[in-house]
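Here is the file target06.cif (mmCIF, C-alpha atoms; chains and numbers go by the auth columns).
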data_work
loop_
_atom_site.group_PDB
_atom_site.id
_atom_site.type_symbol
_atom_site.label_atom_id
_atom_site.label_comp_id
_atom_site.label_asym_id
_atom_site.label_seq_id
_atom_site.Cartn_x
_atom_site.Cartn_y
_atom_site.Cartn_z
_atom_site.B_iso_or_equiv
_atom_site.auth_seq_id
_atom_site.auth_asym_id
ATOM 1 C CA MET A 1 -29.156 -49.601 -16.202 0.00 1419 A
ATOM 2 C CA LYS A 2 -30.747 -46.918 -14.001 0.00 1420 A
ATOM 3 C CA ALA A 3 -29.108 -48.439 -10.927 0.00 1421 A
ATOM 4 C CA GLN A 4 -25.700 -48.061 -12.540 0.00 1422 A
ATOM 5 C CA ALA A 5 -26.400 -44.455 -13.490 0.00 1423 A
ATOM 6 C CA ALA A 6 -27.618 -43.614 -9.978 0.00 1424 A
ATOM 7 C CA LYS A 7 -24.510 -45.084 -8.385 0.00 1425 A
ATOM 8 C CA LYS A 8 -22.333 -42.417 -6.775 0.00 1426 A
ATOM 9 C CA THR A 9 -18.938 -41.964 -8.378 0.00 1427 A
ATOM 10 C CA PRO A 10 -15.809 -41.548 -6.245 0.00 1428 A
ATOM 11 C CA TYR A 11 -14.489 -38.545 -8.156 0.00 1429 A
ATOM 12 C CA ARG A 12 -15.567 -34.914 -8.079 0.00 1430 A
ATOM 13 C CA ASN A 13 -16.968 -33.158 -11.067 0.00 1431 A
ATOM 14 C CA ARG A 14 -14.027 -31.181 -12.434 0.00 1432 A
ATOM 15 C CA PHE A 15 -16.316 -28.208 -13.064 0.00 1433 A
ATOM 16 C CA GLN A 16 -17.637 -28.148 -9.515 0.00 1434 A
ATOM 17 C CA ARG A 17 -16.312 -25.117 -7.637 0.00 1435 A
ATOM 18 C CA VAL A 18 -14.430 -25.519 -4.398 0.00 1436 A
ATOM 19 C CA PRO A 19 -16.142 -23.715 -1.502 0.00 1437 A
ATOM 20 C CA THR A 20 -14.469 -20.391 -0.756 0.00 1438 A
ATOM 21 C CA ARG A 21 -13.080 -20.153 2.757 0.00 1439 A
ATOM 22 C CA ALA A 22 -11.381 -16.743 2.439 0.00 1440 A
ATOM 23 C CA ARG A 23 -10.898 -13.835 0.063 0.00 1441 A
ATOM 24 C CA ILE A 24 -7.374 -12.530 -0.534 0.00 1442 A
ATOM 25 C CA GLY A 25 -6.112 -9.431 -2.324 0.00 1443 A
ATOM 26 C CA LEU A 26 -3.873 -9.444 -5.395 0.00 1444 A
ATOM 27 C CA ALA A 27 -1.801 -6.305 -5.995 0.00 1445 A
ATOM 28 C CA MET A 28 -2.224 -5.675 -9.725 0.00 1446 A
ATOM 29 C CA ARG A 29 1.090 -4.924 -11.442 0.00 1447 A
ATOM 30 C CA ARG A 30 2.092 -4.433 -15.046 0.00 1448 A
ATOM 31 C CA ASP A 31 3.585 -7.677 -16.437 0.00 1449 A
ATOM 32 C CA MET A 32 2.305 -9.630 -13.415 0.00 1450 A
ATOM 33 C CA ASN A 33 3.994 -13.007 -13.051 0.00 1451 A
ATOM 34 C CA PHE A 34 4.713 -15.650 -10.453 0.00 1452 A
ATOM 35 C CA GLY A 35 8.213 -16.471 -11.663 0.00 1453 A
ATOM 36 C CA PRO A 36 9.386 -20.086 -11.769 0.00 1454 A
ATOM 37 C CA LEU A 37 6.262 -21.264 -9.931 0.00 1455 A
ATOM 38 C CA GLY A 38 4.193 -20.572 -13.049 0.00 1456 A
ATOM 39 C CA ASP A 39 0.546 -19.568 -12.891 0.00 1457 A
ATOM 40 C CA VAL A 40 -0.370 -20.203 -9.262 0.00 1458 A
ATOM 41 C CA GLU A 41 -3.797 -18.572 -9.321 0.00 1459 A
ATOM 42 C CA PRO A 42 -5.705 -21.795 -10.190 0.00 1460 A
ATOM 43 C CA MET A 43 -3.850 -23.654 -7.428 0.00 1461 A
ATOM 44 C CA ILE A 44 -4.683 -20.936 -4.882 0.00 1462 A
ATOM 45 C CA GLN A 45 -8.334 -20.956 -5.946 0.00 1463 A
ATOM 46 C CA ALA A 46 -8.481 -24.764 -5.800 0.00 1464 A
ATOM 47 C CA GLY A 47 -7.391 -24.419 -2.171 0.00 1465 A
ATOM 48 C CA GLY A 48 -10.521 -22.416 -1.374 0.00 1466 A
ATOM 49 C CA LEU A 49 -9.153 -18.887 -1.638 0.00 1467 A
ATOM 50 C CA SER A 50 -10.872 -16.293 -3.785 0.00 1468 A
ATOM 51 C CA ILE A 51 -8.488 -13.801 -5.421 0.00 1469 A
ATOM 52 C CA ALA A 52 -9.604 -10.169 -5.541 0.00 1470 A
ATOM 53 C CA PRO A 53 -7.402 -7.860 -7.662 0.00 1471 A
ATOM 54 C CA ILE A 54 -6.537 -4.471 -6.138 0.00 1472 A
ATOM 55 C CA SER A 55 -5.485 -1.650 -8.452 0.00 1473 A
ATOM 56 C CA THR A 56 -2.065 -0.082 -7.877 0.00 1474 A
ATOM 57 C CA GLY A 57 -2.381 2.423 -10.684 0.00 1475 A
ATOM 58 C CA ASP A 58 -4.847 2.598 -13.541 0.00 1476 A
ATOM 59 C CA ALA A 59 -8.304 1.227 -12.866 0.00 1477 A
ATOM 60 C CA SER A 60 -7.726 -1.798 -15.116 0.00 1478 A
ATOM 61 C CA LEU A 61 -4.697 -3.659 -16.353 0.00 1479 A
ATOM 62 C CA HIS A 62 -3.986 -5.697 -19.478 0.00 1480 A
ATOM 63 C CA VAL A 63 -2.078 -8.940 -18.805 0.00 1481 A
ATOM 64 C CA ASN A 64 -1.266 -11.320 -21.668 0.00 1482 A
ATOM 65 C CA GLY A 65 -4.164 -9.987 -23.718 0.00 1483 A
ATOM 66 C CA VAL A 66 -6.630 -10.206 -20.823 0.00 1484 A
ATOM 67 C CA THR A 67 -8.102 -7.171 -19.100 0.00 1485 A
ATOM 68 C CA VAL A 68 -8.028 -7.446 -15.305 0.00 1486 A
ATOM 69 C CA LEU A 69 -10.509 -5.270 -13.445 0.00 1487 A
ATOM 70 C CA PRO A 70 -10.078 -4.542 -9.739 0.00 1488 A
ATOM 71 C CA THR A 71 -12.721 -6.117 -7.499 0.00 1489 A
ATOM 72 C CA ALA A 72 -11.266 -4.953 -4.173 0.00 1490 A
ATOM 73 C CA LYS A 73 -9.874 -1.764 -2.680 0.00 1491 A
ATOM 74 C CA ALA A 74 -7.103 -1.058 -0.203 0.00 1492 A
ATOM 75 C CA GLY A 75 -9.799 -0.384 2.379 0.00 1493 A
ATOM 76 C CA ASP A 76 -10.800 -4.060 2.199 0.00 1494 A
ATOM 77 C CA LEU A 77 -7.463 -4.916 3.819 0.00 1495 A
ATOM 78 C CA GLU A 78 -8.176 -2.479 6.656 0.00 1496 A
ATOM 79 C CA SER A 79 -11.735 -3.675 7.183 0.00 1497 A
ATOM 80 C CA GLY A 80 -10.733 -7.348 7.372 0.00 1498 A
ATOM 81 C CA ASP A 81 -12.655 -8.358 4.247 0.00 1499 A
ATOM 82 C CA LEU A 82 -9.381 -9.666 2.783 0.00 1500 A
ATOM 83 C CA LYS A 83 -7.410 -12.269 4.756 0.00 1501 A
ATOM 84 C CA ALA A 84 -4.030 -11.942 2.993 0.00 1502 A
ATOM 85 C CA LEU A 85 -2.234 -10.058 0.230 0.00 1503 A
ATOM 86 C CA VAL A 86 -0.496 -11.540 -2.819 0.00 1504 A
ATOM 87 C CA VAL A 87 2.190 -9.415 -4.478 0.00 1505 A
ATOM 88 C CA PRO A 88 3.226 -10.889 -7.844 0.00 1506 A
ATOM 89 C CA GLY A 89 6.412 -10.018 -9.624 0.00 1507 A
ATOM 90 C CA GLY A 90 6.133 -7.392 -12.297 0.00 1508 A
ATOM 91 C CA HIS A 91 7.156 -3.935 -13.237 0.00 1509 A
ATOM 92 C CA SER A 92 5.562 -0.684 -12.314 0.00 1510 A
ATOM 93 C CA ASP A 93 6.464 2.949 -12.284 0.00 1511 A
ATOM 94 C CA GLU A 94 7.420 4.858 -9.148 0.00 1512 A
ATOM 95 C CA ALA A 95 3.791 5.564 -8.271 0.00 1513 A
ATOM 96 C CA GLY A 96 2.881 1.899 -8.736 0.00 1514 A
ATOM 97 C CA ASP A 97 5.768 0.783 -6.505 0.00 1515 A
ATOM 98 C CA LYS A 98 4.622 3.259 -3.866 0.00 1516 A
ATOM 99 C CA ALA A 99 1.076 1.860 -4.061 0.00 1517 A
ATOM 100 C CA VAL A 100 2.399 -1.703 -3.667 0.00 1518 A
ATOM 101 C CA ARG A 101 4.466 -0.660 -0.625 0.00 1519 A
ATOM 102 C CA GLU A 102 1.382 0.973 0.892 0.00 1520 A
ATOM 103 C CA LEU A 103 -0.672 -2.198 0.366 0.00 1521 A
ATOM 104 C CA VAL A 104 2.046 -4.336 1.965 0.00 1522 A
ATOM 105 C CA ASP A 105 2.324 -1.937 4.926 0.00 1523 A
ATOM 106 C CA MET A 106 -1.450 -1.903 5.334 0.00 1524 A
ATOM 107 C CA ALA A 107 -1.644 -5.714 5.300 0.00 1525 A
ATOM 108 C CA ARG A 108 1.179 -5.959 7.828 0.00 1526 A
ATOM 109 C CA SER A 109 -0.424 -3.382 10.121 0.00 1527 A
ATOM 110 C CA LYS A 110 -3.528 -5.576 10.244 0.00 1528 A
ATOM 111 C CA GLY A 111 -1.481 -8.732 10.895 0.00 1529 A
ATOM 112 C CA LEU A 112 -2.271 -10.260 7.501 0.00 1530 A
ATOM 113 C CA PRO A 113 0.173 -12.578 5.727 0.00 1531 A
ATOM 114 C CA VAL A 114 1.802 -11.301 2.539 0.00 1532 A
ATOM 115 C CA ILE A 115 2.773 -13.767 -0.185 0.00 1533 A
ATOM 116 C CA ALA A 116 5.249 -12.235 -2.610 0.00 1534 A
ATOM 117 C CA PHE A 117 6.823 -13.378 -5.874 0.00 1535 A
ATOM 118 C CA GLY A 118 9.683 -12.026 -7.987 0.00 1536 A
ATOM 119 C CA GLU A 119 10.120 -8.270 -7.531 0.00 1537 A
ATOM 120 C CA GLY A 120 7.385 -8.317 -4.897 0.00 1538 A
ATOM 121 C CA VAL A 121 9.754 -10.197 -2.562 0.00 1539 A
ATOM 122 C CA VAL A 122 11.758 -6.993 -2.081 0.00 1540 A
ATOM 123 C CA HIS A 123 8.689 -5.049 -0.907 0.00 1541 A
ATOM 124 C CA ALA A 124 7.504 -7.807 1.436 0.00 1542 A
ATOM 125 C CA THR A 125 10.873 -8.524 3.046 0.00 1543 A
ATOM 126 C CA ARG A 126 11.688 -4.836 3.563 0.00 1544 A
ATOM 127 C CA ALA A 127 8.330 -4.296 5.226 0.00 1545 A
ATOM 128 C CA ALA A 128 9.021 -7.247 7.540 0.00 1546 A
ATOM 129 C CA GLY A 129 12.357 -5.720 8.520 0.00 1547 A
ATOM 130 C CA ALA A 130 14.414 -8.378 6.721 0.00 1548 A
ATOM 131 C CA ASN A 131 17.245 -7.882 4.259 0.00 1549 A
ATOM 132 C CA PRO A 132 15.893 -8.493 0.720 0.00 1550 A
ATOM 133 C CA SER A 133 19.295 -9.730 -0.472 0.00 1551 A
ATOM 134 C CA ASP A 134 18.937 -12.736 1.870 0.00 1552 A
ATOM 135 C CA TYR A 135 15.945 -13.872 -0.202 0.00 1553 A
ATOM 136 C CA VAL A 136 17.211 -13.097 -3.700 0.00 1554 A
ATOM 137 C CA ASP A 137 17.175 -16.792 -4.720 0.00 1555 A
ATOM 138 C CA ALA A 138 13.676 -17.479 -3.379 0.00 1556 A
ATOM 139 C CA PRO A 139 10.972 -17.740 -6.039 0.00 1557 A
ATOM 140 C CA ALA A 140 8.473 -16.622 -3.384 0.00 1558 A
ATOM 141 C CA VAL A 141 8.206 -15.714 0.293 0.00 1559 A
ATOM 142 C CA VAL A 142 5.432 -15.437 2.815 0.00 1560 A
ATOM 143 C CA THR A 143 5.680 -12.883 5.612 0.00 1561 A
ATOM 144 C CA ASP A 144 3.588 -13.311 8.706 0.00 1562 A
ATOM 145 C CA GLY A 145 4.400 -10.719 11.315 0.00 1563 A
ATOM 146 C CA ASP A 146 8.185 -10.426 11.430 0.00 1564 A
ATOM 147 C CA VAL A 147 8.692 -14.005 10.204 0.00 1565 A
ATOM 148 C CA VAL A 148 9.765 -14.400 6.580 0.00 1566 A
ATOM 149 C CA THR A 149 9.552 -17.908 5.101 0.00 1567 A
ATOM 150 C CA MET A 150 11.000 -18.820 1.707 0.00 1568 A
ATOM 151 C CA LEU A 151 8.688 -20.802 -0.568 0.00 1569 A
ATOM 152 C CA ALA A 152 10.837 -22.972 -2.814 0.00 1570 A
ATOM 153 C CA ASP A 153 8.112 -24.764 -4.766 0.00 1571 A
ATOM 154 C CA ARG A 154 4.382 -25.137 -5.357 0.00 1572 A
ATOM 155 C CA ASP A 155 4.027 -27.573 -2.428 0.00 1573 A
ATOM 156 C CA ALA A 156 5.441 -24.988 -0.009 0.00 1574 A
ATOM 157 C CA LEU A 157 3.114 -22.363 -1.482 0.00 1575 A
ATOM 158 C CA SER A 158 0.137 -24.702 -1.128 0.00 1576 A
ATOM 159 C CA ALA A 159 1.022 -25.324 2.529 0.00 1577 A
ATOM 160 C CA ALA A 160 1.325 -21.566 3.147 0.00 1578 A
ATOM 161 C CA THR A 161 -2.039 -20.804 1.553 0.00 1579 A
ATOM 162 C CA ALA A 162 -3.698 -23.639 3.501 0.00 1580 A
ATOM 163 C CA ARG A 163 -3.065 -21.660 6.707 0.00 1581 A
ATOM 164 C CA ILE A 164 -4.940 -18.586 5.418 0.00 1582 A
ATOM 165 C CA GLY A 165 -8.524 -18.042 6.432 0.00 1583 A
#
Entire entry expressed as structure tokens:
Amino acid sequence: MKAQAAKKTPYRNRFQRVPTRARIGLAMRRDMNFGPLGDVEPMIQAGGLSIAPISTGDASLHVNGVTVLPTAKAGDLESGDLKALVVPGGHSDEAGDKAVRELVDMARSKGLPVIAFGEGVVHATRAAGANPSDYVDAPAVVTDGDVVTMLADRDALSAATARIG
């Protein structure tokens, strides 16, 4: 009986955390969402990326009854502590949109990829010098330098996040 219990199992413990290979920023927006791709945060984290929310307005944000507190600052993009920026879809006021644009510009100036969803696609594509109307049907895009790549599904997003870090 003890020999059977000591035998190694071929599956991982589902509660065992995946080692973190990089930390990425998440621009906090009111009504944050990832559009038709659903909640992609668990998938990104399962790929070894730690998500650090960055405030684009108030210090905290309430999303679907959950309070999200910022754990990173814009300066973390400049210092290299964050390896990419995620811009979810969502609504914000003029000041919030300006803060998102500043985060995207900061990430681009440091050569960091920007993954954008929904309304965030407009900010990311404009910053990359592309026409946002060319990407209106894309659920998500990733910009790396001046290259904008449409992400049509979760597999494409997973492949894009695998290159980060």
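Against this structure, the PyMOL selection byres ((chain A and resi 1582) around 10) ends up with Arg1439, Ala1440, Arg1441, Ile1442, Gly1465, Gly1466, Leu1467, Lys1501, Ala1502, Leu1530, Pro1531, Ala1577, Ala1578, Thr1579, Ala1580, Arg1581 and Gly1583 of chain A.
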Identify the residues around (4.3, -15.0, -8.4) within a radius of 10 Å, measuring from all atoms listed in the file in the coordinates stated by the file, and give them as an mmCIF file with C-alpha atoms, in the coordinates of the input.
data_model
loop_
_atom_site.group_PDB
_atom_site.id
_atom_site.type_symbol
_atom_site.label_atom_id
_atom_site.label_comp_id
_atom_site.auth_asym_id
_atom_site.auth_seq_id
_atom_site.Cartn_x
_atom_site.Cartn_y
_atom_site.Cartn_z
ATOM 1 C CA MET A 1450 2.305 -9.630 -13.415
ATOM 2 C CA ASN A 1451 3.994 -13.007 -13.051
ATOM 3 C CA PHE A 1452 4.713 -15.650 -10.453
ATOM 4 C CA GLY A 1453 8.213 -16.471 -11.663
ATOM 5 C CA PRO A 1454 9.386 -20.086 -11.769
ATOM 6 C CA LEU A 1455 6.262 -21.264 -9.931
ATOM 7 C CA GLY A 1456 4.193 -20.572 -13.049
ATOM 8 C CA ASP A 1457 0.546 -19.568 -12.891
ATOM 9 C CA VAL A 1458 -0.370 -20.203 -9.262
ATOM 10 C CA GLU A 1459 -3.797 -18.572 -9.321
ATOM 11 C CA VAL A 1504 -0.496 -11.540 -2.819
ATOM 12 C CA VAL A 1505 2.190 -9.415 -4.478
ATOM 13 C CA PRO A 1506 3.226 -10.889 -7.844
ATOM 14 C CA GLY A 1507 6.412 -10.018 -9.624
ATOM 15 C CA GLY A 1508 6.133 -7.392 -12.297
ATOM 16 C CA ILE A 1533 2.773 -13.767 -0.185
ATOM 17 C CA ALA A 1534 5.249 -12.235 -2.610
ATOM 18 C CA PHE A 1535 6.823 -13.378 -5.874
ATOM 19 C CA GLY A 1536 9.683 -12.026 -7.987
ATOM 20 C CA GLU A 1537 10.120 -8.270 -7.531
ATOM 21 C CA GLY A 1538 7.385 -8.317 -4.897
ATOM 22 C CA VAL A 1539 9.754 -10.197 -2.562
ATOM 23 C CA PRO A 1557 10.972 -17.740 -6.039
ATOM 24 C CA ALA A 1558 8.473 -16.622 -3.384
ATOM 25 C CA VAL A 1559 8.206 -15.714 0.293
#
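The shell of residues at most 6 Å from Leu1444 of chain A, with only C-alpha atoms counted and near chain neighbours (fewer than 2 positions) removed, consists of Met1446, Ala1470, Pro1471, Ile1472, Leu1503 and Val1504 of chain A.
Atom to atom, atom CA of Leu1575 of chain A and atom CA of Arg1544 of chain A stand 20.2 Å apart.
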### Task
Compile the contact shell of Gly1529 of chain A as a ChimeraX atom specification: residues with an atom at most 9 Å away, counting all atoms listed in the file, same-chain residues fewer than 5 positions apart removed.
/A:1502,1524,1562-1563
### Task
Report as a count of residues only the full result of the PyMOL selection byres ((chain A and resi 1553) around 10) when it is applied to this structure.
17
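In terms of minimum interatomic distance to Arg1526 of chain A, A:Asp1564 ranks closest within A:Asp1511, A:Asp1564, A:Asp1449, A:Asp1494, counting all atoms listed in the file.
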#### Entry: Using only C-alpha atoms: which of A:Ala1574, A:Val1565, A:Ala1445, A:Ile1469 has the shortest distance to Asp1499 of chain A
A:Ile1469
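Taking only C-alpha atoms into account, Val1518 of chain A lies nearest to A:Thr1474 out of the set A:Thr1561, A:Ser1497, A:Thr1474, A:Thr1485.
You will find atom CA of Arg1447 of chain A at 18.2 Å from atom CA of Pro1460 of chain A.
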### Message
Measuring between only C-alpha atoms, which one of A:Met1461, A:Leu1500, A:Leu1569, A:Ala1490 shows the shortest distance to Lys1528 of chain A?
### Response
A:Leu1500
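Taking atom CA of Ser1473 of chain A and atom CA of Val1560 of chain A as the two end points, the separation is 20.9 Å.
Of the listed residues A:Lys1491, A:His1541, A:Asp1573, A:Glu1512, the one whose atoms come nearest to Ile1462 of chain A is A:Asp1573, with distances taken using only C-alpha atoms.
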